[in-house]
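Data block for my_file.cif (mmCIF, C-alpha atoms):
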data_structure
loop_
_atom_site.label_atom_id
_atom_site.label_comp_id
_atom_site.auth_asym_id
_atom_site.auth_seq_id
_atom_site.Cartn_x
_atom_site.Cartn_y
_atom_site.Cartn_z
CA MET A 1 81.92 90.40 -13.65
CA LYS A 2 82.89 86.90 -12.54
CA THR A 3 83.21 85.95 -8.89
CA PHE A 4 86.80 85.52 -7.77
CA PHE A 5 87.86 82.18 -6.28
CA GLN A 6 91.33 81.81 -4.87
CA THR A 7 93.25 78.73 -5.99
CA LYS A 8 95.39 76.61 -3.70
CA GLN A 9 98.57 77.80 -5.42
CA GLU A 10 97.62 81.46 -4.91
CA ALA A 11 96.92 80.80 -1.24
CA LEU A 12 100.26 79.06 -0.71
CA ALA A 13 102.15 81.87 -2.44
CA SER A 14 100.68 84.59 -0.21
CA ARG A 15 101.23 82.92 3.20
CA LYS A 16 103.21 84.74 5.87
CA TRP A 17 104.13 84.22 9.52
CA ILE A 18 102.66 86.75 11.94
CA VAL A 19 103.46 87.27 15.64
CA VAL A 20 100.68 88.50 17.93
CA ASP A 21 101.54 89.65 21.45
CA ALA A 22 98.82 88.80 23.99
CA ALA A 23 100.36 90.67 26.93
CA SER A 24 97.77 92.66 28.95
CA ARG A 25 95.09 92.15 26.29
CA PRO A 26 91.72 90.43 26.81
CA VAL A 27 91.66 86.79 25.70
CA GLY A 28 88.63 87.25 23.46
CA ARG A 29 90.12 90.23 21.62
CA VAL A 30 93.33 88.34 20.94
CA ALA A 31 91.40 85.25 19.84
CA SER A 32 89.19 87.14 17.40
CA GLU A 33 92.21 88.84 15.82
CA VAL A 34 94.08 85.53 15.52
CA ALA A 35 91.03 83.74 14.05
CA LEU A 36 90.73 86.50 11.44
CA LEU A 37 94.40 86.10 10.49
CA LEU A 38 94.15 82.29 10.31
CA ARG A 39 91.11 82.44 8.04
CA GLY A 40 92.67 85.04 5.75
CA LYS A 41 89.83 87.54 6.09
CA HIS A 42 92.31 90.40 6.21
CA LYS A 43 93.32 89.70 2.61
CA PRO A 44 91.44 91.02 -0.43
CA GLN A 45 91.50 87.58 -2.10
CA PHE A 46 89.59 85.89 0.77
CA THR A 47 87.60 82.81 -0.28
CA MET A 48 85.36 81.14 2.28
CA ASN A 49 86.07 77.51 1.38
CA GLN A 50 89.87 77.85 0.97
CA ASP A 51 92.68 77.98 3.50
CA GLY A 52 94.12 81.34 2.47
CA GLY A 53 95.25 82.56 5.88
CA ASP A 54 98.63 83.04 7.47
CA PHE A 55 100.55 81.17 10.13
CA VAL A 56 100.11 82.85 13.52
CA VAL A 57 102.45 82.76 16.53
CA VAL A 58 100.93 84.04 19.78
CA ILE A 59 103.42 85.02 22.48
CA ASN A 60 102.94 86.01 26.15
CA ALA A 61 99.80 83.90 26.58
CA SER A 62 100.42 83.81 30.33
CA LYS A 63 100.04 87.62 30.45
CA ALA A 64 96.63 87.70 28.73
CA VAL A 65 93.78 88.88 30.93
CA PHE A 66 90.10 88.13 31.42
CA THR A 67 87.72 91.06 31.89
CA GLY A 68 85.24 91.20 34.73
CA SER A 69 85.05 88.10 36.91
CA LYS A 70 85.51 85.61 34.09
CA LEU A 71 88.81 84.41 35.51
CA ASN A 72 87.02 82.84 38.50
CA GLN A 73 83.62 82.06 36.97
CA LYS A 74 84.48 80.70 33.51
CA LYS A 75 84.77 76.92 33.25
CA TYR A 76 86.03 74.73 30.43
CA TYR A 77 84.26 71.38 29.92
CA TRP A 78 85.19 68.20 28.06
CA HIS A 79 84.05 64.59 28.15
CA SER A 80 86.21 61.49 28.48
CA GLY A 81 83.84 59.31 26.46
CA TYR A 82 82.88 57.17 29.44
CA VAL A 83 79.61 57.27 31.38
CA GLY A 84 79.74 60.12 33.87
CA GLY A 85 83.01 61.31 32.35
CA ILE A 86 82.29 65.04 32.23
CA LYS A 87 85.34 67.03 33.29
CA GLU A 88 85.72 70.71 34.10
CA VAL A 89 88.44 73.17 35.00
CA ARG A 90 88.23 76.84 35.98
CA ALA A 91 89.89 79.46 33.80
CA SER A 92 92.10 80.57 36.70
CA ASP A 93 93.46 77.03 37.18
CA LEU A 94 94.05 76.56 33.45
CA MET A 95 95.85 79.93 33.23
CA GLN A 96 98.25 78.78 35.94
CA ARG A 97 98.92 75.33 34.48
CA LYS A 98 98.66 75.83 30.71
CA PRO A 99 98.08 79.46 29.69
CA GLN A 100 98.58 78.61 26.02
CA GLU A 101 95.59 76.24 26.17
CA VAL A 102 93.26 79.13 27.11
CA ILE A 103 94.20 81.09 23.98
CA ARG A 104 94.09 77.97 21.80
CA ARG A 105 90.58 77.03 22.97
CA ALA A 106 89.31 80.57 22.41
CA VAL A 107 90.70 80.69 18.87
CA VAL A 108 89.50 77.19 17.90
CA GLY A 109 86.01 78.13 19.08
CA MET A 110 85.98 80.95 16.52
CA LEU A 111 87.11 78.79 13.58
CA PRO A 112 84.76 76.76 11.35
CA ASN A 113 84.04 73.16 12.27
CA GLY A 114 85.20 70.35 10.01
CA PRO A 115 88.22 69.71 7.82
CA LEU A 116 88.87 73.38 7.05
CA GLY A 117 88.87 74.31 10.74
CA ASN A 118 91.23 71.43 11.52
CA LYS A 119 93.63 72.64 8.84
CA LEU A 120 93.49 76.20 10.17
CA GLU A 121 94.09 75.02 13.74
CA ARG A 122 97.37 73.41 12.70
CA LYS A 123 98.68 76.83 11.61
CA LEU A 124 98.37 78.26 15.13
CA ARG A 125 101.33 78.26 17.54
CA VAL A 126 100.84 79.57 21.09
CA PHE A 127 103.64 80.19 23.58
CA ALA A 128 103.30 81.12 27.26
CA GLY A 129 106.35 83.39 27.27
CA GLU A 130 108.17 85.82 25.05
CA ASP A 131 110.40 83.26 23.34
CA HIS A 132 109.23 81.18 20.39
CA SER A 133 110.90 78.68 18.10
CA HIS A 134 109.79 80.20 14.78
CA GLY A 135 112.37 82.94 14.32
CA ALA A 136 113.72 81.22 11.20
CA GLN A 137 110.46 81.97 9.38
CA THR A 138 111.10 85.73 9.90
CA PRO A 139 107.61 86.51 11.17
CA GLU A 140 106.25 90.01 11.04
CA VAL A 141 105.01 91.54 14.28
CA ARG A 142 101.35 92.45 14.09
CA ALA A 143 100.36 95.92 15.30
CA VAL A 144 98.16 95.45 18.35
CA TYR A 145 94.81 97.11 18.85
CA LYS A 146 93.93 97.83 22.48
#
Translate the structure described by the file into structure tokens.
Amino acid sequence: MKTFFQTKQEALASRKWIVVDAASRPVGRVASEVALLLRGKHKPQFTMNQDGGDFVVVINASKAVFTGSKLNQKKYYWHSGYVGGIKEVRASDLMQRKPQEVIRRAVVGMLPNGPLGNKLERKLRVFAGEDHSHGAQTPEVRAVYK
């Protein structure tokens, strides 16, 4: 039996829009579910080197929770590119200012690095509240697992 490889046309034909509600769910659980949907691993025609996943809209990012004491202890780091330019912010501060950035960083960390990961990242939309601007795509609401 030959190994199945999904073509680009097959991947485009099977794309959907999915809404994931992050309210009162741990950030890591939401991120792993969203990364799985973006990659397309929930589909039987999954191919590792193809973008066969769906578009994902995450709502209520401001209501996502951290378990344990991660909210106060977890720090996000980045570098400005200049000497001594290491920056950091606590998860609690980032949740207050930009809660959608917390979910986005968690999901991007679970995606592959390189061109495929960049393409998958562009299919992710995260919103802090209940309202989103993608109602015209008639997204299906994903059943949540708690």
What's the 12 Å shell around Asn118 of chain A, counting all atoms listed in the file, without same-chain residues fewer than 2 positions away, as a PDB file with C-alpha atoms, in the coordinates of the input?
ATOM      1  CA  LEU A  38      94.150  82.290  10.310  1.00  0.00           C
ATOM      2  CA  ARG A  39      91.110  82.440   8.040  1.00  0.00           C
ATOM      3  CA  ASP A  51      92.680  77.980   3.500  1.00  0.00           C
ATOM      4  CA  VAL A 107      90.700  80.690  18.870  1.00  0.00           C
ATOM      5  CA  VAL A 108      89.500  77.190  17.900  1.00  0.00           C
ATOM      6  CA  GLY A 109      86.010  78.130  19.080  1.00  0.00           C
ATOM      7  CA  MET A 110      85.980  80.950  16.520  1.00  0.00           C
ATOM      8  CA  LEU A 111      87.110  78.790  13.580  1.00  0.00           C
ATOM      9  CA  PRO A 112      84.760  76.760  11.350  1.00  0.00           C
ATOM     10  CA  ASN A 113      84.040  73.160  12.270  1.00  0.00           C
ATOM     11  CA  GLY A 114      85.200  70.350  10.010  1.00  0.00           C
ATOM     12  CA  PRO A 115      88.220  69.710   7.820  1.00  0.00           C
ATOM     13  CA  LEU A 116      88.870  73.380   7.050  1.00  0.00           C
ATOM     14  CA  LEU A 120      93.490  76.200  10.170  1.00  0.00           C
ATOM     15  CA  GLU A 121      94.090  75.020  13.740  1.00  0.00           C
ATOM     16  CA  ARG A 122      97.370  73.410  12.700  1.00  0.00           C
ATOM     17  CA  LYS A 123      98.680  76.830  11.610  1.00  0.00           C
ATOM     18  CA  LEU A 124      98.370  78.260  15.130  1.00  0.00           C
TER      19      LEU A 124
END
Ground truth for the PyMOL selection byres ((chain A and resi 89-98) around 6), written as a PyMOL selection string: chain A and resi 71-72+74-76+88+99-101
Spatial neighbours of segment 18-31 of chain A, max dist 9 Å, all atoms listed in the file, sep filter under 5 positions, as number ranges by chain: A: 36-37, 54-67, 102-110, 130, 138-146
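Close contacts of Gln45 of chain A, defined as residues with an atom at most 9 Å away when counting all atoms listed in the file, with chain neighbours fewer than 6 positions off set aside, comprise Phe4, Phe5, Gln6, Ala11 and Gly52 of chain A.
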Atomic distance atom CA of Met48 of chain A - atom CA of Lys8 of chain A, expressed in Å with one decimal: 12.5 Å
If I only have part of segment 106-130 of chain A, can you fill in N, CA, C and O atoms and write it as a PDB file, in the frame of the given file?
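Generated output (part-v3.pdb):
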ATOM      1  N   ALA A 106      90.089  79.409  22.841  1.00  0.00           N
ATOM      2  CA  ALA A 106      89.310  80.570  22.410  1.00  0.00           C
ATOM      3  C   ALA A 106      89.368  80.737  20.893  1.00  0.00           C
ATOM      4  O   ALA A 106      88.357  81.024  20.248  1.00  0.00           O
ATOM      5  N   VAL A 107      90.540  80.532  20.318  1.00  0.00           N
ATOM      6  CA  VAL A 107      90.700  80.690  18.870  1.00  0.00           C
ATOM      7  C   VAL A 107      89.968  79.579  18.122  1.00  0.00           C
ATOM      8  O   VAL A 107      89.254  79.828  17.147  1.00  0.00           O
ATOM      9  N   VAL A 108      90.129  78.331  18.581  1.00  0.00           N
ATOM     10  CA  VAL A 108      89.500  77.190  17.900  1.00  0.00           C
ATOM     11  C   VAL A 108      87.980  77.315  17.943  1.00  0.00           C
ATOM     12  O   VAL A 108      87.292  76.927  16.994  1.00  0.00           O
ATOM     13  N   GLY A 109      87.448  77.910  19.002  1.00  0.00           N
ATOM     14  CA  GLY A 109      86.010  78.130  19.080  1.00  0.00           C
ATOM     15  C   GLY A 109      85.489  79.117  18.049  1.00  0.00           C
ATOM     16  O   GLY A 109      84.304  79.152  17.752  1.00  0.00           O
ATOM     17  N   MET A 110      86.376  79.948  17.512  1.00  0.00           N
ATOM     18  CA  MET A 110      85.980  80.950  16.520  1.00  0.00           C
ATOM     19  C   MET A 110      86.250  80.492  15.083  1.00  0.00           C
ATOM     20  O   MET A 110      85.937  81.217  14.145  1.00  0.00           O
ATOM     21  N   LEU A 111      86.829  79.321  14.916  1.00  0.00           N
ATOM     22  CA  LEU A 111      87.110  78.790  13.580  1.00  0.00           C
ATOM     23  C   LEU A 111      85.966  77.887  13.131  1.00  0.00           C
ATOM     24  O   LEU A 111      85.215  77.371  13.956  1.00  0.00           O
ATOM     25  N   PRO A 112      85.815  77.656  11.818  1.00  0.00           N
ATOM     26  CA  PRO A 112      84.760  76.760  11.350  1.00  0.00           C
ATOM     27  C   PRO A 112      85.007  75.322  11.766  1.00  0.00           C
ATOM     28  O   PRO A 112      86.156  74.908  11.954  1.00  0.00           O
ATOM     29  N   ASN A 113      83.935  74.577  11.934  1.00  0.00           N
ATOM     30  CA  ASN A 113      84.040  73.160  12.270  1.00  0.00           C
ATOM     31  C   ASN A 113      84.268  72.343  11.010  1.00  0.00           C
ATOM     32  O   ASN A 113      83.814  72.712   9.936  1.00  0.00           O
ATOM     33  N   GLY A 114      84.988  71.238  11.144  1.00  0.00           N
ATOM     34  CA  GLY A 114      85.200  70.350  10.010  1.00  0.00           C
ATOM     35  C   GLY A 114      86.634  70.363   9.527  1.00  0.00           C
ATOM     36  O   GLY A 114      87.537  70.862  10.196  1.00  0.00           O
ATOM     37  N   PRO A 115      86.863  69.833   8.340  1.00  0.00           N
ATOM     38  CA  PRO A 115      88.220  69.710   7.820  1.00  0.00           C
ATOM     39  C   PRO A 115      88.949  71.041   7.648  1.00  0.00           C
ATOM     40  O   PRO A 115      90.142  71.129   7.904  1.00  0.00           O
ATOM     41  N   LEU A 116      88.234  72.082   7.221  1.00  0.00           N
ATOM     42  CA  LEU A 116      88.870  73.380   7.050  1.00  0.00           C
ATOM     43  C   LEU A 116      89.333  73.944   8.388  1.00  0.00           C
ATOM     44  O   LEU A 116      90.447  74.453   8.518  1.00  0.00           O
ATOM     45  N   GLY A 117      88.499  73.829   9.407  1.00  0.00           N
ATOM     46  CA  GLY A 117      88.870  74.310  10.740  1.00  0.00           C
ATOM     47  C   GLY A 117      90.047  73.540  11.307  1.00  0.00           C
ATOM     48  O   GLY A 117      90.920  74.121  11.957  1.00  0.00           O
ATOM     49  N   ASN A 118      90.100  72.233  11.055  1.00  0.00           N
ATOM     50  CA  ASN A 118      91.230  71.430  11.520  1.00  0.00           C
ATOM     51  C   ASN A 118      92.528  71.878  10.848  1.00  0.00           C
ATOM     52  O   ASN A 118      93.582  71.927  11.486  1.00  0.00           O
ATOM     53  N   LYS A 119      92.444  72.189   9.575  1.00  0.00           N
ATOM     54  CA  LYS A 119      93.630  72.640   8.840  1.00  0.00           C
ATOM     55  C   LYS A 119      94.098  74.001   9.356  1.00  0.00           C
ATOM     56  O   LYS A 119      95.291  74.253   9.495  1.00  0.00           O
ATOM     57  N   LEU A 120      93.143  74.881   9.660  1.00  0.00           N
ATOM     58  CA  LEU A 120      93.490  76.200  10.170  1.00  0.00           C
ATOM     59  C   LEU A 120      94.089  76.110  11.573  1.00  0.00           C
ATOM     60  O   LEU A 120      95.004  76.868  11.916  1.00  0.00           O
ATOM     61  N   GLU A 121      93.588  75.182  12.369  1.00  0.00           N
ATOM     62  CA  GLU A 121      94.090  75.020  13.740  1.00  0.00           C
ATOM     63  C   GLU A 121      95.557  74.599  13.751  1.00  0.00           C
ATOM     64  O   GLU A 121      96.314  74.979  14.653  1.00  0.00           O
ATOM     65  N   ARG A 122      95.984  73.857  12.765  1.00  0.00           N
ATOM     66  CA  ARG A 122      97.370  73.410  12.700  1.00  0.00           C
ATOM     67  C   ARG A 122      98.340  74.543  12.373  1.00  0.00           C
ATOM     68  O   ARG A 122      99.550  74.383  12.511  1.00  0.00           O
ATOM     69  N   LYS A 123      97.824  75.691  11.924  1.00  0.00           N
ATOM     70  CA  LYS A 123      98.680  76.830  11.610  1.00  0.00           C
ATOM     71  C   LYS A 123      98.846  77.783  12.785  1.00  0.00           C
ATOM     72  O   LYS A 123      99.461  78.829  12.653  1.00  0.00           O
ATOM     73  N   LEU A 124      98.299  77.421  13.937  1.00  0.00           N
ATOM     74  CA  LEU A 124      98.370  78.260  15.130  1.00  0.00           C
ATOM     75  C   LEU A 124      99.440  77.731  16.078  1.00  0.00           C
ATOM     76  O   LEU A 124      99.477  76.540  16.377  1.00  0.00           O
ATOM     77  N   ARG A 125     100.316  78.617  16.548  1.00  0.00           N
ATOM     78  CA  ARG A 125     101.330  78.260  17.540  1.00  0.00           C
ATOM     79  C   ARG A 125     101.188  79.241  18.698  1.00  0.00           C
ATOM     80  O   ARG A 125     101.224  80.461  18.499  1.00  0.00           O
ATOM     81  N   VAL A 126     101.027  78.723  19.920  1.00  0.00           N
ATOM     82  CA  VAL A 126     100.840  79.570  21.090  1.00  0.00           C
ATOM     83  C   VAL A 126     101.951  79.267  22.096  1.00  0.00           C
ATOM     84  O   VAL A 126     102.215  78.105  22.397  1.00  0.00           O
ATOM     85  N   PHE A 127     102.559  80.324  22.614  1.00  0.00           N
ATOM     86  CA  PHE A 127     103.640  80.190  23.580  1.00  0.00           C
ATOM     87  C   PHE A 127     103.306  81.009  24.818  1.00  0.00           C
ATOM     88  O   PHE A 127     102.813  82.132  24.720  1.00  0.00           O
ATOM     89  N   ALA A 128     103.616  80.457  26.000  1.00  0.00           N
ATOM     90  CA  ALA A 128     103.300  81.120  27.260  1.00  0.00           C
ATOM     91  C   ALA A 128     104.178  82.331  27.492  1.00  0.00           C
ATOM     92  O   ALA A 128     103.743  83.321  28.082  1.00  0.00           O
ATOM     93  N   GLY A 129     105.416  82.295  27.032  1.00  0.00           N
ATOM     94  CA  GLY A 129     106.350  83.390  27.270  1.00  0.00           C
ATOM     95  C   GLY A 129     106.667  84.177  26.025  1.00  0.00           C
ATOM     96  O   GLY A 129     105.996  84.077  24.993  1.00  0.00           O
ATOM     97  N   GLU A 130     107.737  84.954  26.143  1.00  0.00           N
ATOM     98  CA  GLU A 130     108.170  85.820  25.050  1.00  0.00           C
ATOM     99  C   GLU A 130     108.884  85.068  23.941  1.00  0.00           C
ATOM    100  O   GLU A 130     108.835  85.445  22.781  1.00  0.00           O
TER     101      GLU A 130
END
